[in-house]
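Written out below as structure tokens is the structure these notes cover.
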Amino acid sequence: MSGRALAEWTATVEAGKVREFARAVKDDDADAQAPAPPPTFPVVLSAEFVERLVTEILPTDRSRTVHGEQESAYLRPLRTGERIRCRAYLVEDRLREGKRGGRMRVMVTEVRLFAEDTGERIGTERMTALELEGSDA
């Protein structure tokens, strides 16, 4: 299953959303006329995908699923107003033994970000979700 393409979509780095997100993360630049997107802004671009991921694409029991880890790597900053092509891949989907007993499902996805107009690779987000095994399993 590793490396399987899950979804592709485009999104605009909208000034209003950048400002809202910058305020939410207490970015000093939040009230600037045209704030630069904070480094963690790509989570906004992926929010709808993540919801579909855990409800439809890799269905999980939301009551036993947690966000485990988030990594970001950028080749350049995002620019307010640009259109981003996002492509999501399944990197890992496996069961493993938990440290406190029981098993857990580990799901790792990677979202690659590209400038829509040039195809330039901008960066990558890697997300890990953990679903604990239910007591009825």
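Residue numbering restarts at 1 for every chain of the structure tokens, chains are lettered A, B, ... in their displayed order, and ligands are numbered from 1 as they appear.
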Using only C-alpha atoms, what does the table of stretch 32-94 of chain A residues within 6 Å of stretch 128-132 of chain A look like, with each row giving the shortest atom pair and its distance in Å to one decimal, sorted by chain and ascending number, as a tab-separated table?
residue	atom	partner	partner_atom	distance
A:Arg64	CA	A:Leu132	CA	5.4
A:Thr65	CA	A:Glu131	CA	4.2
A:Val66	CA	A:Leu130	CA	5.4
A:His67	CA	A:Ala129	CA	4.6
A:Gly68	CA	A:Ala129	CA	5.1
A:Glu69	CA	A:Thr128	CA	5.0
Practice item. Fewer than 6 positions away in the same chain doesn't count, so skip those; otherwise give me all residues within 6 Å of A:Arg85, counting only C-alpha atoms, as an MDAnalysis selection string. Key: chainID A and resid 9:10 113:114 116
Exercise for review: Find the residues near A:Ala88: any atom within 8 Å, counting only C-alpha atoms, skip ones fewer than 5 places away on the same chain, and give them as number ranges by chain.
Suggested key: A: 5-8, 109-112
With C-alpha atoms retained, write the just-selected residues as a PDB file, in the first residue's frame.
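Result file follows (out.pdb):
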ATOM      1  CA  ALA A   5      -1.925   8.242  -4.361  1.00  0.00           C
ATOM      2  CA  LEU A   6      -5.004   9.117  -2.314  1.00  0.00           C
ATOM      3  CA  ALA A   7      -6.197  12.484  -3.596  1.00  0.00           C
ATOM      4  CA  GLU A   8      -5.290  15.616  -5.515  1.00  0.00           C
ATOM      5  CA  THR A 109       0.183  10.314   4.794  1.00  0.00           C
ATOM      6  CA  GLU A 110       2.263  12.794   2.863  1.00  0.00           C
ATOM      7  CA  VAL A 111       0.901  15.844   1.076  1.00  0.00           C
ATOM      8  CA  ARG A 112       3.186  17.308  -1.578  1.00  0.00           C
TER       9      ARG A 112
END
Review point. Which is closest to A:Arg94 among A:Ala115, A:Ala36, A:Leu58, A:Leu75, if we use only C-alpha atoms?
Key: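 Between A:Ala115, A:Ala36, A:Leu58, A:Leu75, the residue approaching A:Arg94 most closely is A:Leu58.
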Which residues come within 6 Å of A:Val13, counting only C-alpha atoms, excluding same-chain residues fewer than 4 positions away, as a PDB file with N, CA, C and O atoms, in the first residue's frame?
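That gives us out.pdb:
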ATOM      1  N   THR A  80       1.022  34.551  -0.435  1.00  0.00           N
ATOM      2  CA  THR A  80      -0.394  34.902  -0.404  1.00  0.00           C
ATOM      3  C   THR A  80      -0.880  35.143  -1.826  1.00  0.00           C
ATOM      4  O   THR A  80      -0.213  35.814  -2.614  1.00  0.00           O
ATOM      5  N   GLY A  81      -2.017  34.555  -2.160  1.00  0.00           N
ATOM      6  CA  GLY A  81      -2.621  34.714  -3.477  1.00  0.00           C
ATOM      7  C   GLY A  81      -2.302  33.600  -4.454  1.00  0.00           C
ATOM      8  O   GLY A  81      -2.989  33.448  -5.464  1.00  0.00           O
ATOM      9  N   GLU A  82      -1.271  32.811  -4.195  1.00  0.00           N
ATOM     10  CA  GLU A  82      -0.921  31.774  -5.179  1.00  0.00           C
ATOM     11  C   GLU A  82      -1.823  30.560  -5.047  1.00  0.00           C
ATOM     12  O   GLU A  82      -2.383  30.284  -3.996  1.00  0.00           O
TER      13      GLU A  82
END
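With distances taken over only C-alpha atoms, A:Val108 is the one residue among A:Val18, A:Arg23, A:Leu45, A:Val108 lying closest to A:Tyr89.
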Practice item. Find the spatial neighbours of A:Glu14, counting only C-alpha atoms, within a cut-off of 12 Å - ignore same-chain residues fewer than 2 positions away - and output them as a PyMOL selection string. Key: chain A and resi 11-12+16-21+34-37+41-42+44-45+78-84
